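Engineer: Just dropping this structure here.
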Amino acid sequence: MILCAIEDINEGMRTAAAVFHPRRPDMELLAADVPLDRKLLYKLPKLGIKRVWVSNEATDDLNDLILAKPSEALNKAFSTLKEDFAAMSMQTVSAGSLRTYRQIIMDLMCELIANRDVACVTEQLIGGPGRLFTHSANVAYLSVLIGIDLETYIVQQRSRLDQHHARDITSLGMGAMMHDIGKSILEERADTEVHEIDMDGDELTDEQRDDYKDHVLNGYRMLQGTRAPASAMQIVLTHHQRWDGEGFPDMSGPTRNRIRGMQRGVDIHIFSRIVAAANLLENLMTRLGNKRPAIFALHELKDKRYDGWIDPIVRDSVLRRIPPFPVGGMITLSDGRPAVVITPNLVQPCRPIVRLLAEADRLPDGKRPHLDLAEHHELHVSNFAGEDVEKHLFSLVEDQPLSTKIVLESDSATKRRESA
């Protein structure tokens with residue numbers, strides 16, 4: 001199967017995966033193996049569907065690796081949060097909900113670990129209305145994916161715990177699911193969806209801005225008295241506190257003795273730092289247009305204006321782990337040749353290994369050649385699934401993840417101290 005832009009699909013091609021309504025993620029429009037005729041190819045863009053997975057023999061060997069629809073665990077998180085958040089209002093979170101959230105995160109971890117090398121984040125995130133629970137489910141998905149990638153860094157940052165407990169990221173996922181739970185109070189009061197202040201705060205009045213900032217305290221208070229993990233509660237409270245010490249809430253007033261005040265850098269819990277990054281990325285994806293290629297959001301995340309927002313090691317992990325071009329995605333090279341992505345590149349994500357699709361490129365034995373774009377600097381991706389991406393390509397300075405580098409440096413420093 002190949003992920004193609006609608007305009008690149010010829011009549012008679014067949015769907016390789018189900019097509020869902022972009023505003024109703026639980027509504028299947030087309031099943032797999034449906035022939036695409038002129039009428040469907042006209043109607044799908046009208047519904048906001050830009051790309052479709054189609055069958056293609058050139059990638060039959062990749063079909064078992066490609067994740068062409070949101071995972072079952074992500075869909076379950078979406079459905080559960082939709083039901084729970086609508087009923088919560090000023091109430092606390094029930095013990096039953098916490099057990100359900102824990103199980104969802106454990107299922108999600110199993111799925112992501114099994115598919116971590118080819119996780120197709122670009123097309124797996126849920127879109128559509130119901131922004132609060134849609135956003136919360138997506139942030140949980142991204143947070144767990146990042147957390148799996150940063151295991152050694154998380155263990156180092158939670159050095160007061162034994163390694164078994166330090167590497168357990170279940171509460172990371174739970175906190176990510178509940179990070180905006182305090183907005184349920186705001187939406188109940190305003191009877192409308194609450195948007196991210198970081199993304200469109202300029203449109204808010206001072207009163208709305210102050211109310212918005214209260215959502216982290218509202219969420220924290222909703223969890224008090226429950227059996228929610230302490231680290232999950234920290235996420236709810238501090239996911240808007242930034243690496244440079246900015247952000248909110250400002251707890252320097254009379255409440256300081258009850259809840260820790262403003263934090264910066266590594267003083268912020270590592271789980272809150274991860275959720276802050278996932279939260280920002282998901283908001284960028286949404287602001288730049290739902291279902292637009294992830295490379296647009298990743299390129300913006302790399303911009304200098306976000307240098308002080310999130311832990312640079314976490315940001316480095318996001319830029320490496322979230323693929324700008326998913327496995328199975330159709331691209332056009334800078335020399336005009338069509339190709340399909342077959343292997344992500346964690347060193348330089350915008351330079352994956354691709355398989356050439358043009359008949360003229362076939363080898364004498366009939367096989368289609370592969371190109372490692374990391375070794376062919378004269379070439380680059382110019383178009384992905386119908387979108388011009390040349391201005392959004394980015395490169396990373398380091399040849400290895402910053403998390404690996406920082407952990408190795410820390411281990412070396414420890415050994416030097418012990419031998420001194």
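Residue numbering restarts at 1 for every chain of the structure tokens, chains are lettered A, B, ... in their displayed order, and ligands are numbered from 1 as they appear.
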Residues at most 6 Å from region 93-110 of chain A, counting only C-alpha atoms, excluding those fewer than 4 positions away in the same chain, as a ChimeraX atom specification?

Structural biologist: /A:73,173-174

Engineer: As a PyMOL selection string, which residues of region 23-139 of chain A does DSSP assign to strand (DSSP E or B)?

Structural biologist: chain A and resi 24-30+35+51-54

Engineer: Which is closest to Arg167 (chain A) among A:Phe248, A:Tyr42, A:Phe271, A:Tyr212, if we use only C-alpha atoms?

Structural biologist: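 Of the candidates, the smallest distance to Arg167 (chain A) is held by A:Phe271.
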
Engineer: Write out as a list in words the residues lying within 6 Å of Val236 (chain A), counting only C-alpha atoms and excluding same-chain residues fewer than 4 positions away.

Structural biologist: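 Near Val236 (chain A), the qualifying residues are His179, Val216 and Tyr220 of chain A.
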
Engineer: In Å, how far is it from CA of Gln263 (chain A) to CA of Leu301 (chain A)?

Structural biologist: 21.9 Å

Engineer: Find, counting only C-alpha atoms, the residue in A:Leu150, A:Ile9, A:Met88, A:Ala374 that gets nearest to Leu223 (chain A).

Structural biologist: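 Among the listed residues, the smallest separation from Leu223 (chain A) belongs to A:Met88.
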
Engineer: Could you tell me how far CA of Gln241 (chain A) lies from CA of Gly265 (chain A), in Å and to one decimal?

Structural biologist: 9.4 Å

Engineer: Which parts of region 28-231 of chain A does DSSP call alpha helix (DSSP H) when run on the backbone here, written out as a ChimeraX atom specification?

Structural biologist: /A:38-46,72-88,95-114,121-124,131-149,151-157,163-166,170-178,183-190,197-200,206-213,215-223,230-231

Engineer: Nearest to Ala87 (chain A) among A:Asp267, A:Ile181, A:Met27, A:Arg221, with distances taken over only C-alpha atoms: which residue is it?

Structural biologist: A:Ile181

Engineer: CA of His377 (chain A) to CA of Asp149 (chain A): how many Å, to one decimal?

Structural biologist: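 These two atoms are separated by 27.4 Å.
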
Engineer: Which residue out of A:Ala77, A:Leu132, A:Ile406, A:Ile6 has the minimum interatomic distance to Leu44 (chain A) when only C-alpha atoms are used?

Structural biologist: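 Among the listed residues, A:Ile6 lies closest to Leu44 (chain A).
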
Engineer: Can you tell me which residues surround Ile235 (chain A) at a distance of at most 12 Å, considering only C-alpha atoms, apart from same-chain residues fewer than 6 positions away, and format the answer as a VMD selection string?

Structural biologist: chain A and resid 139 to 140 143 171 to 181 216 to 217 219 to 220 223 228 to 229 241 268 to 279

Engineer: Generate a file of the selected residues that holds N, CA and C atoms, formatted as a short mmCIF file (atom, residue, chain, number, x, y, z; two decimals), in the first residue's frame.

Structural biologist:
data_model
loop_
_atom_site.label_atom_id
_atom_site.label_comp_id
_atom_site.auth_asym_id
_atom_site.auth_seq_id
_atom_site.Cartn_x
_atom_site.Cartn_y
_atom_site.Cartn_z
N VAL A 139 -2.21 13.69 22.52
CA VAL A 139 -1.05 14.04 23.35
C VAL A 139 -0.58 12.82 24.14
N ALA A 140 -1.53 12.00 24.60
CA ALA A 140 -1.14 10.77 25.30
C ALA A 140 -0.37 9.85 24.37
N SER A 143 3.09 11.38 23.77
CA SER A 143 3.90 11.35 24.99
C SER A 143 4.47 9.96 25.25
N SER A 171 2.37 6.22 34.23
CA SER A 171 1.81 7.46 34.76
C SER A 171 2.06 8.64 33.83
N LEU A 172 3.10 8.55 33.00
CA LEU A 172 3.31 9.57 31.96
C LEU A 172 2.11 9.60 31.02
N GLY A 173 1.71 8.42 30.55
CA GLY A 173 0.56 8.35 29.65
C GLY A 173 -0.73 8.78 30.31
N MET A 174 -0.91 8.37 31.57
CA MET A 174 -2.12 8.75 32.29
C MET A 174 -2.19 10.27 32.49
N GLY A 175 -1.06 10.86 32.89
CA GLY A 175 -1.04 12.31 33.08
C GLY A 175 -1.27 13.04 31.77
N ALA A 176 -0.72 12.49 30.67
CA ALA A 176 -0.94 13.12 29.36
C ALA A 176 -2.41 13.07 28.96
N MET A 177 -3.07 11.95 29.25
CA MET A 177 -4.51 11.85 28.95
C MET A 177 -5.31 12.88 29.73
N MET A 178 -4.88 13.15 30.97
CA MET A 178 -5.64 14.04 31.85
C MET A 178 -5.07 15.46 31.90
N HIS A 179 -4.05 15.77 31.08
CA HIS A 179 -3.35 17.04 31.26
C HIS A 179 -4.25 18.26 31.13
N ASP A 180 -5.29 18.16 30.33
CA ASP A 180 -6.20 19.29 30.13
C ASP A 180 -7.57 19.06 30.77
N ILE A 181 -7.62 18.18 31.74
CA ILE A 181 -8.91 17.83 32.33
C ILE A 181 -9.59 19.04 32.97
N VAL A 216 -5.01 24.50 34.68
CA VAL A 216 -4.06 23.57 35.29
C VAL A 216 -4.35 23.39 36.78
N LEU A 217 -4.75 24.47 37.45
CA LEU A 217 -5.10 24.37 38.87
C LEU A 217 -6.43 23.64 39.04
N GLY A 219 -7.59 21.31 37.08
CA GLY A 219 -7.32 19.90 36.85
C GLY A 219 -6.63 19.26 38.03
N TYR A 220 -5.67 19.98 38.60
CA TYR A 220 -4.94 19.46 39.78
C TYR A 220 -5.90 19.22 40.93
N LEU A 223 -8.04 16.17 40.79
CA LEU A 223 -7.34 14.90 41.06
C LEU A 223 -6.98 14.74 42.53
N ALA A 228 -4.76 9.04 41.85
CA ALA A 228 -3.94 9.35 40.68
C ALA A 228 -2.47 9.40 41.07
N PRO A 229 -1.58 8.83 40.26
CA PRO A 229 -0.15 8.88 40.58
C PRO A 229 0.32 10.32 40.75
N GLN A 241 4.64 24.90 32.26
CA GLN A 241 5.84 25.57 32.74
C GLN A 241 6.98 25.25 31.78
N ILE A 268 11.69 20.92 36.54
CA ILE A 268 10.38 20.48 36.07
C ILE A 268 10.42 18.97 35.91
N HIS A 269 9.39 18.28 36.36
CA HIS A 269 9.37 16.81 36.27
C HIS A 269 9.56 16.40 34.81
N ILE A 270 10.35 15.37 34.59
CA ILE A 270 10.63 14.91 33.23
C ILE A 270 9.36 14.57 32.47
N PHE A 271 8.35 14.02 33.17
CA PHE A 271 7.10 13.69 32.49
C PHE A 271 6.39 14.96 32.03
N SER A 272 6.44 16.01 32.83
CA SER A 272 5.82 17.29 32.43
C SER A 272 6.54 17.87 31.22
N ARG A 273 7.87 17.70 31.18
CA ARG A 273 8.64 18.19 30.03
C ARG A 273 8.26 17.45 28.75
N ILE A 274 8.04 16.16 28.87
CA ILE A 274 7.65 15.37 27.70
C ILE A 274 6.26 15.76 27.23
N VAL A 275 5.32 15.90 28.15
CA VAL A 275 3.95 16.27 27.78
C VAL A 275 3.92 17.69 27.20
N ALA A 276 4.76 18.58 27.72
CA ALA A 276 4.84 19.93 27.17
C ALA A 276 5.22 19.89 25.69
N ALA A 277 6.18 19.02 25.35
CA ALA A 277 6.62 18.89 23.96
C ALA A 277 5.52 18.27 23.09
N ALA A 278 4.89 17.21 23.59
CA ALA A 278 3.81 16.55 22.84
C ALA A 278 2.64 17.49 22.66
N ASN A 279 2.33 18.26 23.69
CA ASN A 279 1.24 19.23 23.65
C ASN A 279 1.50 20.29 22.58
#

Engineer: Pick the closest to Met13 (chain A) from A:Lys367, A:Lys302, A:Arg38, A:Arg355: which is it, counting only C-alpha atoms?

Structural biologist: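 Closest to Met13 (chain A), using only C-alpha atoms: A:Arg38.
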
Engineer: Show me, as an MDAnalysis selection string, the residues that have an atom within 10 Å of Glu151 (chain A) when counting only C-alpha atoms, minus same-chain residues fewer than 2 positions from it.

Structural biologist: chainID A and resid 146:149 153:157 166:169 403

Engineer: Keeping C-alpha atoms for every residue in the selection just given, could you write it to a file as an mmCIF file, in the first residue's frame?

Structural biologist:
data_model
loop_
_atom_site.group_PDB
_atom_site.id
_atom_site.type_symbol
_atom_site.label_atom_id
_atom_site.label_comp_id
_atom_site.auth_asym_id
_atom_site.auth_seq_id
_atom_site.Cartn_x
_atom_site.Cartn_y
_atom_site.Cartn_z
ATOM 1 C CA ILE A 146 8.462 9.942 23.082
ATOM 2 C CA GLY A 147 8.738 8.332 26.525
ATOM 3 C CA ILE A 148 9.610 4.956 25.020
ATOM 4 C CA ASP A 149 12.343 6.617 22.984
ATOM 5 C CA TYR A 153 17.113 9.713 29.894
ATOM 6 C CA ILE A 154 13.963 9.223 31.994
ATOM 7 C CA VAL A 155 15.777 6.759 34.267
ATOM 8 C CA GLN A 156 18.615 9.253 34.693
ATOM 9 C CA GLN A 157 16.189 12.089 35.476
ATOM 10 C CA ALA A 166 12.028 4.924 37.079
ATOM 11 C CA ARG A 167 11.456 3.441 33.621
ATOM 12 C CA ASP A 168 7.713 2.857 34.167
ATOM 13 C CA ILE A 169 5.984 5.435 31.949
ATOM 14 C CA SER A 403 19.579 11.865 25.167
#
